[in-house]
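> This is target38.txt (compact mmCIF, C-alpha atoms).
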```
# COMPACT_ATOMS: atom_id res chain seq x y z
CA MET N 1 13.09 -18.53 14.67
CA ALA N 2 12.68 -16.98 18.13
CA LEU N 3 16.19 -15.50 17.93
CA SER N 4 15.47 -14.00 14.51
CA LEU N 5 12.26 -12.47 15.83
CA ALA N 6 14.16 -10.93 18.75
CA LEU N 7 16.82 -9.51 16.38
CA ILE N 8 14.13 -8.05 14.12
CA ILE N 9 12.39 -6.31 17.03
CA LEU N 10 15.54 -5.04 18.73
CA PHE N 11 17.31 -3.73 15.63
CA ALA N 12 14.14 -2.34 14.06
CA LEU N 13 13.34 -0.36 17.21
CA LEU N 14 16.95 0.83 17.45
CA PHE N 15 17.26 1.89 13.81
CA GLY N 16 13.75 3.37 13.78
CA ARG N 17 14.64 5.52 16.78
CA PHE N 18 17.96 6.52 15.23
CA PHE N 19 16.31 7.63 11.97
CA LYS N 20 13.70 9.61 13.90
CA LYS N 21 16.55 11.44 15.65
CA LEU N 22 17.85 12.30 12.18
CA LYS N 23 14.37 13.74 11.37
CA LEU N 24 13.81 10.90 8.87
CA PRO N 25 10.88 8.43 8.76
CA ALA N 26 11.43 5.48 11.13
CA LEU N 27 10.40 3.07 8.36
CA LEU N 28 13.66 3.86 6.54
CA GLY N 29 15.62 2.44 9.45
CA MET N 30 13.40 -0.64 9.44
CA LEU N 31 13.85 -1.15 5.69
CA LEU N 32 17.61 -0.78 6.07
CA ILE N 33 17.86 -3.26 8.93
CA GLY N 34 15.74 -5.67 6.91
CA ILE N 35 18.24 -5.49 4.05
CA MET N 36 21.14 -5.97 6.46
CA LEU N 37 19.60 -8.88 8.37
CA GLY N 38 18.07 -10.53 5.31
CA PRO N 39 19.41 -13.27 3.00
CA TYR N 40 21.15 -10.70 0.78
CA GLY N 41 22.88 -9.11 3.78
CA PHE N 42 24.21 -10.90 6.87
CA ASP N 43 21.56 -13.64 6.54
CA LEU N 44 20.51 -13.54 10.19
CA ILE N 45 16.77 -14.02 9.66
CA SER N 46 15.60 -17.61 10.06
CA GLN N 47 14.42 -19.35 6.90
CA ASP N 48 11.26 -20.31 8.80
CA ILE N 49 10.35 -16.62 9.08
CA LEU N 50 11.29 -15.93 5.46
CA ASN N 51 9.04 -18.81 4.36
CA ILE N 52 6.03 -17.09 5.90
CA SER N 53 7.25 -13.56 5.15
CA SER N 54 4.52 -12.84 2.59
CA ASP N 55 1.81 -13.89 5.06
CA LEU N 56 3.30 -11.80 7.88
CA ARG N 57 3.60 -8.78 5.60
CA MET N 58 0.00 -9.20 4.48
CA ILE N 59 -1.25 -9.39 8.09
CA ALA N 60 0.69 -6.22 8.91
CA LEU N 61 -0.80 -4.51 5.84
CA ILE N 62 -4.29 -5.58 6.94
CA VAL N 63 -3.64 -3.98 10.35
CA ILE N 64 -2.76 -0.63 8.80
CA LEU N 65 -5.69 -0.76 6.35
CA ILE N 66 -8.19 -1.43 9.17
CA ARG N 67 -6.59 1.42 11.08
CA ALA N 68 -6.94 3.59 7.98
CA GLY N 69 -10.64 2.75 7.64
CA LEU N 70 -11.25 3.59 11.29
CA GLY N 71 -9.58 6.96 10.71
CA ILE N 72 -11.62 8.09 7.68
CA LYS N 73 -14.65 10.32 8.12
CA LYS N 74 -17.64 10.34 5.74
CA GLU N 75 -17.54 14.12 5.49
CA THR N 76 -13.95 13.98 4.27
CA LEU N 77 -14.76 11.28 1.71
CA LYS N 78 -17.48 13.51 0.26
CA LYS N 79 -14.90 16.27 -0.20
CA VAL N 80 -12.45 14.05 -2.08
CA GLY N 81 -14.89 11.88 -4.06
CA ILE N 82 -14.22 12.55 -7.76
CA PRO N 83 -10.51 13.47 -7.43
CA ALA N 84 -9.94 10.24 -5.42
CA VAL N 85 -11.53 8.22 -8.23
CA LYS N 86 -9.29 9.92 -10.78
CA LEU N 87 -6.20 9.34 -8.63
CA SER N 88 -7.04 5.65 -8.39
CA PHE N 89 -6.40 4.96 -12.09
CA ILE N 90 -5.11 7.93 -14.14
CA PRO N 91 -1.58 8.17 -12.61
CA GLY N 92 -1.05 4.40 -12.67
CA LEU N 93 -2.21 4.02 -16.28
CA MET N 94 0.01 6.90 -17.39
CA GLU N 95 3.04 5.47 -15.59
CA GLY N 96 2.38 2.00 -16.98
CA THR N 97 2.06 3.32 -20.53
CA ALA N 98 5.30 5.31 -20.23
CA VAL N 99 7.19 2.28 -18.87
CA ILE N 100 5.87 0.08 -21.71
CA PHE N 101 7.25 2.42 -24.38
CA ALA N 102 10.50 2.97 -22.47
CA ALA N 103 11.07 -0.78 -22.03
CA MET N 104 10.31 -1.50 -25.68
CA TYR N 105 12.72 1.22 -26.85
CA LEU N 106 15.54 0.96 -24.27
CA LEU N 107 15.44 -2.75 -23.41
CA LYS N 108 14.04 -4.06 -26.70
CA PHE N 109 11.24 -5.85 -24.83
CA GLU N 110 8.27 -7.28 -26.70
CA PHE N 111 5.02 -5.44 -25.99
CA VAL N 112 3.62 -8.09 -23.62
CA GLU N 113 6.86 -8.36 -21.62
CA ALA N 114 6.96 -4.58 -21.38
CA GLY N 115 3.37 -4.61 -20.10
CA ILE N 116 4.25 -7.17 -17.42
CA LEU N 117 7.15 -5.00 -16.25
CA ALA N 118 5.14 -1.77 -16.46
CA PHE N 119 2.31 -2.79 -14.18
CA ILE N 120 4.60 -4.34 -11.59
CA ILE N 121 6.42 -1.03 -11.33
CA ALA N 122 3.29 1.13 -11.70
CA ALA N 123 1.68 0.19 -8.37
CA VAL N 124 2.11 2.68 -5.53
CA SER N 125 2.95 1.22 -2.09
CA PRO N 126 0.17 1.29 0.53
CA ALA N 127 2.73 0.07 3.10
CA VAL N 128 4.71 3.30 2.76
CA VAL N 129 1.89 5.73 1.94
CA VAL N 130 -0.92 4.68 4.30
CA PRO N 131 0.95 4.98 7.65
CA GLN N 132 2.20 8.45 6.79
CA MET N 133 -1.25 9.60 5.64
CA LEU N 134 -2.69 8.33 8.92
CA THR N 135 -0.12 10.33 10.82
CA PHE N 136 -1.17 13.47 8.94
CA ILE N 137 -4.86 12.68 9.59
CA GLU N 138 -4.14 12.36 13.32
CA GLN N 139 -2.19 15.64 13.24
CA GLN N 140 -4.98 17.18 11.11
CA LYS N 141 -2.48 18.35 8.51
CA GLY N 142 -4.37 19.31 5.35
CA ALA N 143 -7.57 18.28 7.12
CA LYS N 144 -9.76 21.10 5.82
CA LYS N 145 -9.36 19.89 2.22
CA GLY N 146 -9.08 16.22 3.18
CA ILE N 147 -5.72 15.82 1.42
CA PRO N 148 -4.35 12.81 3.37
CA THR N 149 -7.68 10.99 2.92
CA LEU N 150 -7.63 11.85 -0.79
CA VAL N 151 -4.20 10.24 -1.21
CA LEU N 152 -5.00 7.31 1.07
CA THR N 153 -8.24 6.46 -0.79
CA GLY N 154 -6.79 6.83 -4.28
CA ALA N 155 -3.65 4.84 -3.45
CA SER N 156 -5.67 1.91 -2.07
CA VAL N 157 -7.42 1.43 -5.44
CA ASP N 158 -4.30 2.17 -7.51
CA ASP N 159 -2.97 -1.30 -6.63
CA VAL N 160 -6.16 -3.00 -7.79
CA VAL N 161 -5.82 -1.44 -11.24
CA ALA N 162 -2.10 -2.25 -11.55
CA ILE N 163 -2.39 -5.88 -10.41
CA THR N 164 -5.40 -6.53 -12.65
CA ILE N 165 -3.59 -5.25 -15.75
CA PHE N 166 -0.38 -7.09 -14.75
CA SER N 167 -2.36 -10.34 -14.48
CA ALA N 168 -3.87 -9.78 -17.92
CA PHE N 169 -0.44 -9.26 -19.54
CA LEU N 170 0.98 -12.32 -17.75
CA SER N 171 -1.95 -14.44 -19.00
CA ILE N 172 -1.41 -13.22 -22.56
CA TYR N 173 2.29 -14.13 -22.32
CA GLY N 174 1.36 -17.61 -21.10
CA GLY N 175 -0.78 -18.16 -24.19
CA GLN N 176 -4.10 -17.97 -22.38
CA GLN N 177 -7.10 -16.51 -24.12
CA VAL N 178 -7.72 -13.18 -22.42
CA ASN N 179 -10.86 -11.12 -22.95
CA ILE N 180 -9.54 -7.55 -22.77
CA LEU N 181 -13.01 -6.05 -22.22
CA ARG N 182 -13.61 -8.46 -19.35
CA GLN N 183 -10.28 -7.51 -17.77
CA ILE N 184 -11.20 -3.83 -18.00
CA LEU N 185 -14.62 -4.49 -16.44
CA ASN N 186 -12.96 -6.56 -13.71
CA VAL N 187 -11.54 -3.40 -12.12
CA PRO N 188 -14.86 -1.68 -11.23
CA LEU N 189 -16.37 -5.09 -10.44
CA ALA N 190 -13.52 -5.88 -8.03
CA ILE N 191 -13.93 -2.48 -6.35
CA PHE N 192 -17.71 -2.92 -6.06
CA LEU N 193 -17.47 -6.44 -4.63
CA GLY N 194 -14.74 -5.36 -2.22
CA ILE N 195 -16.94 -2.55 -0.89
CA VAL N 196 -20.02 -4.82 -0.64
CA LEU N 197 -18.14 -7.63 1.13
CA GLY N 198 -16.44 -5.17 3.51
CA THR N 199 -19.81 -3.56 4.33
CA LEU N 200 -21.50 -6.91 5.00
CA ILE N 201 -18.69 -8.06 7.28
CA SER N 202 -18.70 -4.78 9.20
CA LEU N 203 -22.50 -4.88 9.72
CA PHE N 204 -22.24 -8.47 10.94
CA LEU N 205 -19.47 -7.52 13.39
CA ILE N 206 -21.43 -4.51 14.67
CA TYR N 207 -24.40 -6.82 15.32
CA ILE N 208 -22.19 -9.29 17.23
CA PHE N 209 -20.45 -6.53 19.21
CA LYS N 210 -23.78 -4.98 20.25
CA LYS N 211 -25.45 -8.28 21.12
CA TYR N 212 -22.61 -9.84 23.12
CA HIS N 213 -20.29 -8.37 25.71
CA ILE N 214 -16.76 -8.82 24.34
CA ARG N 215 -13.60 -7.12 25.54
CA ASP N 216 -12.23 -4.50 23.13
CA THR N 217 -8.99 -6.45 22.72
CA LYS N 218 -10.95 -9.51 21.58
CA LYS N 219 -13.04 -7.31 19.29
CA ALA N 220 -9.85 -6.04 17.68
CA LEU N 221 -8.63 -9.62 17.20
CA LEU N 222 -11.98 -10.60 15.66
CA LEU N 223 -11.78 -7.65 13.31
CA LEU N 224 -8.23 -8.58 12.30
CA SER N 225 -9.25 -12.21 11.77
CA PHE N 226 -12.12 -11.22 9.47
CA GLY N 227 -9.72 -9.00 7.53
CA ILE N 228 -7.39 -11.98 7.04
CA LEU N 229 -10.32 -14.22 6.05
CA MET N 230 -11.50 -11.63 3.56
CA ASN N 231 -8.06 -11.45 1.98
CA SER N 232 -7.98 -15.27 1.80
CA VAL N 233 -11.31 -15.28 -0.04
CA GLU N 234 -9.72 -13.17 -2.77
CA HIS N 235 -7.04 -15.83 -3.31
CA LEU N 236 -9.57 -18.67 -3.21
CA LEU N 237 -11.70 -16.99 -5.88
CA GLU N 238 -8.77 -15.78 -7.97
CA GLY N 239 -9.54 -16.22 -11.65
CA ILE N 240 -13.25 -16.70 -10.89
CA VAL N 241 -14.52 -13.52 -9.23
CA PRO N 242 -12.33 -10.42 -8.77
CA ILE N 243 -12.54 -8.82 -5.32
CA ALA N 244 -10.55 -5.78 -4.19
CA THR N 245 -10.13 -7.07 -0.65
CA LEU N 246 -7.59 -4.46 0.47
CA LEU N 247 -10.16 -1.77 -0.28
CA GLY N 248 -12.85 -3.90 1.38
CA ILE N 249 -10.76 -4.22 4.54
CA MET N 250 -10.59 -0.42 4.75
CA VAL N 251 -14.37 -0.35 4.30
CA ILE N 252 -14.83 -2.61 7.36
CA GLY N 253 -13.09 -0.04 9.57
CA PHE N 254 -14.88 2.87 7.89
CA VAL N 255 -18.39 1.42 8.37
CA ILE N 256 -17.73 0.51 12.02
CA GLN N 257 -16.52 4.07 12.64
CA GLU N 258 -19.63 5.54 10.95
CA ARG N 259 -22.23 3.19 12.46
CA TYR N 260 -20.70 2.68 15.91
CA SER N 261 -18.31 5.56 16.43
CA ILE N 262 -17.76 5.01 20.17
CA LEU N 263 -16.47 1.51 19.48
CA GLY N 264 -14.65 2.73 16.36
CA ASP N 265 -12.58 5.14 18.44
CA ARG N 266 -11.74 2.44 21.00
CA LEU N 267 -10.78 -0.06 18.28
CA SER N 268 -8.63 2.60 16.62
CA THR N 269 -6.67 2.91 19.87
CA LYS N 270 -6.21 -0.87 19.97
CA PHE N 271 -5.00 -1.02 16.37
CA ASN N 272 -2.57 1.81 17.02
CA LYS N 273 -0.96 -0.48 19.61
CA ILE N 274 -1.03 -3.56 17.35
CA TRP N 275 0.61 -1.45 14.63
CA ILE N 276 3.70 -0.93 16.79
CA PHE N 277 4.63 -4.58 16.28
CA ALA N 278 3.09 -4.98 12.81
CA GLU N 279 5.08 -2.01 11.48
CA LEU N 280 8.37 -3.62 12.53
CA MET N 281 7.54 -6.88 10.78
CA LEU N 282 6.20 -5.21 7.63
CA PHE N 283 9.15 -2.98 6.84
CA VAL N 284 11.90 -5.30 8.04
CA LEU N 285 10.51 -8.16 5.95
CA ILE N 286 10.07 -5.91 2.91
CA GLY N 287 13.72 -4.93 3.34
CA ALA N 288 14.69 -8.60 3.60
CA GLU N 289 13.17 -9.18 0.14
CA VAL N 290 15.46 -6.60 -1.46
CA ASN N 291 18.44 -8.00 -3.35
CA ILE N 292 20.72 -4.98 -3.63
CA ASN N 293 23.07 -6.74 -6.06
CA LEU N 294 20.19 -7.56 -8.37
CA ALA N 295 18.98 -3.96 -8.22
CA PHE N 296 22.35 -2.66 -9.42
CA GLU N 297 22.42 -5.13 -12.32
CA SER N 298 19.66 -3.22 -14.11
CA GLY N 299 22.04 -0.24 -14.20
CA LEU N 300 21.46 3.24 -15.52
CA ILE N 301 18.84 2.16 -18.04
CA GLY N 302 16.72 0.85 -15.17
CA LEU N 303 16.92 4.21 -13.41
CA VAL N 304 15.93 6.02 -16.61
CA ILE N 305 12.88 3.77 -17.06
CA ILE N 306 11.79 4.29 -13.46
CA PHE N 307 12.30 8.06 -13.77
CA LEU N 308 10.25 8.23 -17.00
CA GLY N 309 7.49 6.23 -15.34
CA LEU N 310 7.42 8.49 -12.29
CA THR N 311 7.36 11.57 -14.51
CA ALA N 312 4.30 10.24 -16.32
CA ARG N 313 2.71 9.30 -12.98
CA SER N 314 3.32 12.83 -11.65
CA ILE N 315 1.62 14.34 -14.70
CA GLY N 316 -1.27 11.94 -14.11
CA VAL N 317 -1.60 13.10 -10.49
CA LEU N 318 -1.69 16.74 -11.58
CA LEU N 319 -4.31 15.98 -14.26
CA SER N 320 -6.41 14.16 -11.64
CA LEU N 321 -6.34 17.25 -9.42
CA VAL N 322 -7.48 19.70 -12.10
CA GLY N 323 -10.58 21.52 -10.85
CA THR N 324 -9.85 20.95 -7.15
CA HIS N 325 -9.21 23.71 -4.62
CA LEU N 326 -5.71 22.49 -3.86
CA ASN N 327 -2.90 25.03 -4.21
CA ILE N 328 0.42 24.35 -5.96
CA LYS N 329 2.19 23.09 -2.82
CA GLU N 330 -0.68 20.76 -1.93
CA LYS N 331 -0.71 19.34 -5.45
CA ALA N 332 3.06 18.87 -5.24
CA PHE N 333 2.55 16.97 -1.98
CA CYS N 334 0.11 14.61 -3.72
CA VAL N 335 2.66 14.05 -6.50
CA LEU N 336 5.34 13.07 -3.96
CA ALA N 337 2.89 10.91 -2.00
CA TYR N 338 2.29 8.84 -5.13
CA THR N 339 5.95 7.94 -5.76
CA PRO N 340 6.92 5.15 -3.27
CA LYS N 341 7.08 1.54 -4.45
CA ALA N 342 7.52 -1.43 -2.10
CA THR N 343 4.60 -3.70 -1.23
CA VAL N 344 3.39 -4.86 -4.65
CA GLN N 345 6.86 -4.95 -6.17
CA ALA N 346 8.13 -7.17 -3.33
CA ALA N 347 5.06 -9.40 -3.60
CA ILE N 348 4.85 -9.99 -7.37
CA GLY N 349 8.24 -8.94 -8.75
CA ALA N 350 9.46 -12.55 -8.95
CA ILE N 351 6.27 -14.00 -10.49
CA PRO N 352 7.31 -13.44 -14.15
CA LEU N 353 10.63 -15.23 -13.51
CA ALA N 354 8.83 -18.17 -11.90
CA ALA N 355 6.33 -18.21 -14.78
CA GLY N 356 9.13 -18.58 -17.34
CA VAL N 357 8.98 -15.08 -18.84
CA ALA N 358 12.13 -14.64 -20.95
CA SER N 359 13.07 -11.34 -19.32
CA GLY N 360 11.92 -12.44 -15.86
CA GLU N 361 15.27 -11.87 -14.16
CA LEU N 362 15.60 -8.36 -15.55
CA ILE N 363 11.98 -7.59 -14.61
CA LEU N 364 12.72 -8.71 -11.05
CA ALA N 365 15.87 -6.55 -10.99
CA LEU N 366 13.88 -3.49 -12.07
CA ALA N 367 11.16 -4.21 -9.51
CA VAL N 368 13.81 -4.37 -6.76
CA LEU N 369 15.50 -1.22 -8.07
CA SER N 370 12.16 0.64 -7.95
CA ILE N 371 11.88 -0.24 -4.24
CA VAL N 372 15.48 0.75 -3.46
CA VAL N 373 15.11 4.12 -5.21
CA THR N 374 11.54 5.21 -4.48
CA ALA N 375 10.70 3.79 -1.02
CA PRO N 376 13.34 5.74 0.96
CA LEU N 377 13.24 8.89 -1.17
CA GLY N 378 9.44 8.87 -1.31
CA ALA N 379 9.12 8.35 2.45
CA VAL N 380 11.48 11.24 3.21
CA ALA N 381 9.78 13.49 0.66
CA ILE N 382 6.29 12.73 1.99
CA LYS N 383 7.27 13.52 5.57
CA ALA N 384 9.04 16.77 4.66
CA ALA N 385 6.37 17.95 2.21
CA GLY N 386 3.53 17.13 4.61
CA LYS N 387 5.23 19.04 7.39
CA HIS N 388 5.88 22.19 5.34
CA TRP N 389 3.24 22.21 2.59
CA LEU N 390 0.05 21.01 4.29
CA SER N 391 -1.88 23.47 6.42
CA ASP N 392 -2.19 22.83 10.15
CA ASP N 393 -5.94 22.40 10.67
CA SER N 394 -5.70 21.04 14.21
CA GLY N 395 -8.25 23.62 15.31
CA LEU N 396 -10.95 21.78 13.38
CA ILE N 397 -13.27 19.54 15.34
CA ASN N 398 -13.67 17.01 12.57
CA GLN N 399 -11.23 15.94 9.89
```
How does the structure come out when it is put into structure tokens?

Amino acid sequence: MALSLALIILFALLFGRFFKKLKLPALLGMLLIGIMLGPYGFDLISQDILNISSDLRMIALIVILIRAGLGIKKETLKKVGIPAVKLSFIPGLMEGTAVIFAAMYLLKFEFVEAGILAFIIAAVSPAVVVPQMLTFIEQQKGAKKGIPTLVLTGASVDDVVAITIFSAFLSIYGGQQVNILRQILNVPLAIFLGIVLGTLISLFLIYIFKKYHIRDTKKALLLLSFGILMNSVEHLLEGIVPIATLLGIMVIGFVIQERYSILGDRLSTKFNKIWIFAELMLFVLIGAEVNINLAFESGLIGLVIIFLGLTARSIGVLLSLVGTHLNIKEKAFCVLAYTPKATVQAAIGAIPLAAGVASGELILALAVLSIVVTAPLGAVAIKAAGKHWLSDDSGLINQ
């Protein structure tokens, strides 16, 4: 296990540096080395690490979400309010609907199977999107209009919608009685409870941090631990009470930054350092989940379905931005920022197969293909578009 960890760190740093030299996102190098070192490549990663891969990836995702919350300003959120709400569900629903019809027509799937596939594929990847949006926030690219925050906020809720609908379709397939209205209402309820729980935790932590003298490093570890506990609560209450914990984790960082900004800035610095290691683990282990052979098995039809879904998603993004002050290039940036798939697809792509869904293997193949196609292309497109299409607002005092 120790040797595997050393290989992951060494090769991820090396490939990340190499891809940066090529003017490409470092995460592409990490994804690639994950594929190469993983069980579908040279199989050099210990099974012990692979067994806890999902937990390690979740911890890394929690790190970046806390960091995201600490980087969001209330003024910027006010700018992006309504468009962010629209971006959280319109693009995903449009992509899911398009994939349902495409799967029914091209793959001859039954409606419920098509729905299961659609809302695995429909989720955008916070692992790919959030780090790049944070980079733009730090560089104050598009800061005046709050574009990176707009994408970051909308994308964090997009997953909640997709996973909720996926769970409903999977329950219907399993013969469970599913109340459709309740499932629909679960989405705003999950968002509300996530925000409330995140706010309560952050206020409790602020009280503790003000009352007791604790080193900033220990404060960062406490914050991370509460994020992990919050995510665990979601799994404990699964099927009972829906909680959008990933959104709530962002709220923890946001409230600390708003209520105790001096500490928020110091904690942000700490999480920037923690992210150096967490980033390596996140993207290498996502890469290790990718079965390239399985991805190719879905063939040309799989690519067509993914393309149709992304086309519908892009139209949804543009519809969500109607009435905003964004120009054509800025809207195009938002479209590209909403294309990468990785986190959700790697996490739940195999669930239908394990649950005995007839087309489970093909669904998994399409989920893997969506990662292979959209994660690298989306990451490159986001970096290039952000650099050339977002205004440089570094002269602003506040983002």
> How far is it from CA of Leu319 (chain N) to CA of Ser391 (chain N), in Å with one decimal?
22.1 Å
> Name the closest residue to Val80 (chain N) among the candidates N:Ile228, N:Leu150, N:Leu310, N:Leu65; distances are taken between atoms, counting all atoms listed in the file.
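Looking only at the distances to Val80 (chain N), the closest residue turns out to be N:Leu150.
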> Taking 3 positions as the minimum chain separation for residues in the same chain, which residues sit within 12 Å of Ala2 (chain N) when counting only C-alpha atoms? Answer as a PyMOL selection string.
chain N and resi 5-9+44-49
> Calculated over only C-alpha atoms, which of the candidates N:Phe277, N:Phe89, N:Phe333, N:Phe136 has the smallest distance to Ala68 (chain N)?
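Nearest to Ala68 (chain N): N:Phe136.
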> Considering all atoms listed in the file, return as a ChimeraX atom specification whatever protein or nucleic-acid residues lie within 7 Å of Ile305 (chain N), sequence-local ones (same chain, fewer than 4 positions apart) excluded.
/N:99,102-103,301,309
> Which residue is closest to Phe226 (chain N)? Choose from N:Ile33, N:Ser202, N:Leu10, N:Gly194 and count all atoms listed in the file.
N:Ser202
> Restricting the calculation to all atoms listed in the file: of N:Val130, N:Leu13, N:Ile66, N:Ile328, which residue gets closest to Ser268 (chain N)?
N:Ile66
> Which residue is closest to Thr324 (chain N)? Choose from N:Ile147, N:Ile62, N:Ala347, N:Ile286 and count only C-alpha atoms.
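Among N:Ile147, N:Ile62, N:Ala347, N:Ile286, it is N:Ile147 that comes nearest to Thr324 (chain N).
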> Which one is closest to Ile172 (chain N): N:Val357, N:Lys21, N:Ala12, N:Leu50? Count all atoms listed in the file.
N:Val357
> Enter the distance from CA of Ala190 (chain N) to CA of Gly146 (chain N), in Å, rounded to one decimal.
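We find that CA of Ala190 (chain N) and CA of Gly146 (chain N) lie 25.2 Å from each other.
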> Using only C-alpha atoms, determine which residues lie at most 12 Å from Ala350 (chain N), disregarding the query and same-chain residues fewer than 4 positions distant; provide the list as a PyMOL selection string.
chain N and resi 116-117+120+289-291+294+344-346+354-357+359-368
> Using all atoms listed in the file and a cutoff of 10 Å, can you tell me which residues are near (-15.8, -0.6, -4.7) in the file's coordinates, and write them out as a PyMOL selection string?
chain N and resi 157+187-198+243-245+247-248+251
> In Å, with one decimal, what is the gap from CA of Met58 (chain N) to CA of Ala342 (chain N)?
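Separation of CA of Met58 (chain N) and CA of Ala342 (chain N): 12.7 Å.
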> Contacts of Phe283 (chain N) at 6 Å or less, counting only C-alpha atoms, minus same-chain residues fewer than 2 places along, as number ranges by chain?
N: 30-31, 280-281, 285-286
> Find the spatial neighbours of Leu224 (chain N), counting all atoms listed in the file, within a cut-off of 10 Å - ignore same-chain residues fewer than 4 positions away - and output them as a PDB file with C-alpha atoms, keeping the file's coordinate frame.

```
ATOM      1  CA  ILE N  59      -1.250  -9.390   8.090  1.00  0.00           C
ATOM      2  CA  ALA N  60       0.690  -6.220   8.910  1.00  0.00           C
ATOM      3  CA  ILE N  62      -4.290  -5.580   6.940  1.00  0.00           C
ATOM      4  CA  VAL N  63      -3.640  -3.980  10.350  1.00  0.00           C
ATOM      5  CA  ILE N  66      -8.190  -1.430   9.170  1.00  0.00           C
ATOM      6  CA  LYS N 218     -10.950  -9.510  21.580  1.00  0.00           C
ATOM      7  CA  LYS N 219     -13.040  -7.310  19.290  1.00  0.00           C
ATOM      8  CA  ALA N 220      -9.850  -6.040  17.680  1.00  0.00           C
ATOM      9  CA  ILE N 228      -7.390 -11.980   7.040  1.00  0.00           C
ATOM     10  CA  LEU N 229     -10.320 -14.220   6.050  1.00  0.00           C
ATOM     11  CA  MET N 230     -11.500 -11.630   3.560  1.00  0.00           C
ATOM     12  CA  ILE N 249     -10.760  -4.220   4.540  1.00  0.00           C
ATOM     13  CA  PHE N 271      -5.000  -1.020  16.370  1.00  0.00           C
TER      14      PHE N 271
END
```
> Neighbourhood query: residues within 9 Å of (-4.1, 0.9, -5.1), file coordinates, counting only C-alpha atoms; return as a ChimeraX atom specification.
/N:88-89,92,123-126,152-163,246-247
> Taking all atoms of region 71-85 of chain N that appear in the file, build a box with edges along x, y and z, extend it by 4 Å on every side, and state its centre and edge lengths in Å to one decimal, as AutoDock Vina command-line options.

```
--center_x -13.6 --center_y 11.6 --center_z 1.2 --size_x 16.1 --size_y 17.3 --size_z 26.9
```
